[in-house]
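Down below is the structure, laid out as structure tokens.
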Amino acid sequence: MPDRPPVIIVGGGIAGLAAAYELHRESVPFLLLEAGTRVGGVILSERVDGFVFDGGPDSLLAQKPEGIQLCRELGIADRLVPTLLPRQSFIQRGGQLHPLPAGSVLGIPTTVGPFLRTTLFSWPGKLRMGAEWFLAPKQSDEDESIGQFMTRRFGREATEFLAEPLLAGIHAGDVDRLSMKALFQRLTDTERDHGSLIRAFRAQKPPAGPNLGPFRSLPGGLSELVHALSAALPSACVRTNTPVRTIAPVAGGYRVETGHGEALLSDTVILAAPAFAAAAIVRDLDAALSSLCGGIEYASAVTVALAFERDAVRHPMNGSGFVVPRAERTGILAASWLSSKWPHRAPADKILMRAFLGGTRDPGAIERPDDELIHLALDALRPLLGISAAPLLTRIFRWPQSNAQHNVGHLDRMAAIDRALTRWPGLHVTGSGYRGTGIPDCVADGRRIAREAVAARAVSAAQP
Ligand SMILES: Cc1cc2nc3c(=O)[nH]c(=O)nc-3n(C[C@H](O)[C@H](O)[C@H](O)COP(=O)(O)OP(=O)(O)OC[C@H]3O[C@@H](n4cnc5c(N)ncnc54)[C@H](O)[C@@H]3O)c2cc1C
């Protein structure tokens, strides 16, 4: 193998791009191979007739600073915008929208007044939730599902009308299967250290400085981040339309074969494609590693963006949108009111919203024809929002196998993947399938893996 060939990164979603950015910062040559026609993966924004659509993600969680830090490094931090006021979210119950009680942390109530006044829960439900204050922490350290954790601490109603649509909903996943430890370790740690979550959250001091809310976005949609990242990378080092088919060991490294039959050599390969794609790529290399990666499930999602004249919608749209518990049995999982959530997403006299469909609740949604998806979305939205006219514009984004499901046992699976990777020096995995699903997690992981790869290369170069 020639001296120091470029590091090969497979997959140009945010994780692969973040890995490339970190390598470039460290002056390490790389070659990023992306199967699709563009980089960014599920991040895709479009501008049409004065509307700005995010087809995939639209928010960066500010609490996890790596997304915002990357924007800072790329010189676009001054473009970040917080959500508009009022920062109110709603939950559907009994065919009505109920505001999430003020002062909730991940849906968990921390202030008495709004919790007592809310119409979201029944009185027996409220009593059961309040009883959490007195419950001792769980004794065993075993992983459990979000549903098990929430029902154990707050009762079944809290699981049905909070945890399922909010905590599992973020992942388009199943509340009875998603892992509490893998996804909400902050809550399991709080239980272990303090017993009651309500008590612990009430004792917390609010962060200093102005409260801008938990989320940030960019005026042109999150594709702005992808464009800024791409612009920071040497364009010759990023190849689109280049799917990787397989990798095989060769002396001193790996032979990476593309779908076009091209063979590339490198001592370092970072697999930043979804875990099921990584499983196919390493199938001949290591069947056990392939099976571990292939066992990470993904759910498909569809977003349906809809624009209306302002006066065609009776609801004041005074918030960011709403989530829909499974028990409500409508065709959508959630809706975000993009033009009330973010500035500059629609002309002043218009409204832009989008509905989320699919997930583990409705895996067949991705196969439905466009008109059926629009129908489903409108049927769910019309009675809640008082929509009296047809949409001015519709746009459908299908995301097959897009939402990694970190189900119960995910951390054990990750430990096994890390052990398997020790058999293959120079081979790394990153992306939403593995150590965190949100954009800041993917940025942090991509950059960390790139640094680890550089460090491992330096060690192997120093060996005689
Ligand atoms: C609808 C939706 C809304 C979301 N909303 C938010 C949000 O608001 N905030 C947030 O933080 N997160 C959100 N998420 C989650 C977050 O966007 C994703 O988890 C994250 O962007 C995934 O990045 P990734 O790089 O791991 O994977 P991807 O974006 O899936 O990128 C993987 C890339 O690998 C490529 N690839 C696949 N196979 C191969 C191959 N064989 N060879 C080469 N390339 C290959 C793919 O083409 C793709 O470009 C959302 C996700 C979805 C689907």
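How things are named: the first chain in the structure tokens is A, the next is B, and so on; residues count from 1 in each chain; ligands count from 1 in the order shown.
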
Show me which residues sit within 7 Å of ligand 1 when counting only C-alpha atoms and all ligand atoms, and put them as an MDAnalysis selection string. chainID A and resid 10:16 33:36 39:43 55:61 242:245 272:274 277 281 301:303 399 402:404 430:433 437:440 442

Residues within 10 Å of A:Pro400, please, as an MDAnalysis selection string. Count only C-alpha atoms; anything in the same chain fewer than 4 positions from it doesn't count. chainID A and resid 42 298:302 358:359 363 366:367

Smallest atom-to-atom distance to A:Arg345: which of A:Ser145, A:Ser460, A:Ser45, A:Ser27, using only C-alpha atoms?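 The shortest atom-to-atom distance to A:Arg345 comes from A:Ser45.
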
Distance atom CA of A:Cys237-atom CA of A:Asp267, one decimal place? 16.7 Å

Stretch 210-395 of chain A: residues DSSP assigns to strand (DSSP E), reported as an MDAnalysis selection string: chainID A and resid 215:217 238:239 244:250 253:258 263:266 269:271 297:309 321:323 334:336 350:358 393:395

Next, dump the selected residues to file, keeping only C-alpha atoms, as a CSV table (one decimal), in the first residue's frame.
chain,number,residue,atom,x,y,z
A,215,PHE,CA,-33.9,24.8,20.1
A,216,ARG,CA,-32.1,26.7,17.4
A,217,SER,CA,-32.4,26.7,13.6
A,238,VAL,CA,-16.0,14.6,-1.5
A,239,ARG,CA,-17.5,12.2,-4.1
A,244,VAL,CA,-19.5,1.6,-1.3
A,245,ARG,CA,-20.3,-2.0,-1.8
A,246,THR,CA,-17.8,-3.9,0.4
A,247,ILE,CA,-14.5,-3.7,2.2
A,248,ALA,CA,-11.8,-6.4,2.4
A,249,PRO,CA,-8.6,-6.7,4.4
A,250,VAL,CA,-5.3,-6.2,2.5
A,253,GLY,CA,-5.3,-1.8,5.6
A,254,TYR,CA,-8.4,-2.2,3.6
A,255,ARG,CA,-9.6,-2.4,0.0
A,256,VAL,CA,-12.8,-0.4,-0.4
A,257,GLU,CA,-14.9,-1.4,-3.4
A,258,THR,CA,-17.4,1.0,-4.8
A,263,ALA,CA,-11.1,-0.3,-5.6
A,264,LEU,CA,-9.5,2.2,-3.2
A,265,LEU,CA,-6.9,1.4,-0.6
A,266,SER,CA,-6.6,2.9,2.9
A,269,VAL,CA,-12.0,3.6,7.0
A,270,ILE,CA,-14.8,5.4,8.8
A,271,LEU,CA,-18.2,3.9,8.1
A,297,GLU,CA,-33.5,-1.3,13.7
A,298,TYR,CA,-34.5,1.8,11.7
A,299,ALA,CA,-38.0,3.3,11.2
A,300,SER,CA,-39.1,5.2,8.2
A,301,ALA,CA,-40.7,8.6,8.3
A,302,VAL,CA,-42.6,10.9,6.0
A,303,THR,CA,-43.0,14.6,6.4
A,304,VAL,CA,-45.9,16.4,4.6
A,305,ALA,CA,-45.4,20.2,4.4
A,306,LEU,CA,-48.6,22.3,3.8
A,307,ALA,CA,-48.9,26.0,3.2
A,308,PHE,CA,-52.2,28.0,3.7
A,309,GLU,CA,-53.5,31.5,3.5
A,321,GLY,CA,-46.9,22.5,17.2
A,322,PHE,CA,-48.3,19.3,18.8
A,323,VAL,CA,-47.7,15.6,19.2
A,334,ALA,CA,-47.0,15.1,15.2
A,335,ALA,CA,-47.3,18.5,13.4
A,336,SER,CA,-45.0,21.4,13.6
A,350,LYS,CA,-49.3,32.7,5.0
A,351,ILE,CA,-48.9,29.7,7.2
A,352,LEU,CA,-46.5,26.8,6.8
A,353,MET,CA,-46.9,23.6,8.8
A,354,ARG,CA,-45.8,20.0,8.4
A,355,ALA,CA,-47.1,16.7,9.6
A,356,PHE,CA,-45.0,13.7,10.5
A,357,LEU,CA,-46.3,10.3,9.5
A,358,GLY,CA,-44.9,6.8,9.7
A,393,LEU,CA,-48.7,24.3,-1.6
A,394,THR,CA,-47.8,20.7,-0.6
A,395,ARG,CA,-44.5,19.0,-0.4

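In this comparison, which uses only C-alpha atoms, the residue of A:Gly130, A:Pro369, A:Gly173, A:Gly221 approaching A:Gly147 most closely is A:Gly173.
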
If I take atom CA of A:Asp49 and atom CA of A:Leu333, how far is one from the other in Å, to one decimal? 27.0 Å

Quote the spacing between atom CA of A:Leu229 and atom CA of A:Ala444 in Å to one decimal place.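 Between atom CA of A:Leu229 and atom CA of A:Ala444 the gap is 14.2 Å.
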
Residue contacts of A:Leu84 (8 Å, only C-alpha atoms) excluding same-chain residues fewer than 2 positions away, as number ranges by chain: A: 82, 86-87, 319, 340-343

Shortest contact to A:Gly125, candidates A:Thr159, A:Ser223, A:Gln185, A:Gln401, atoms counted only C-alpha atoms, goes to A:Thr159

Which of stretch 157-399 of chain A fall in helix (DSSP H, G or I), as a PyMOL selection string: chain A and resi 157-171+180-183+185-194+197-203+223-231+235-237+275-281+287-294+310-312+326-328+338-341+363-367+370-385
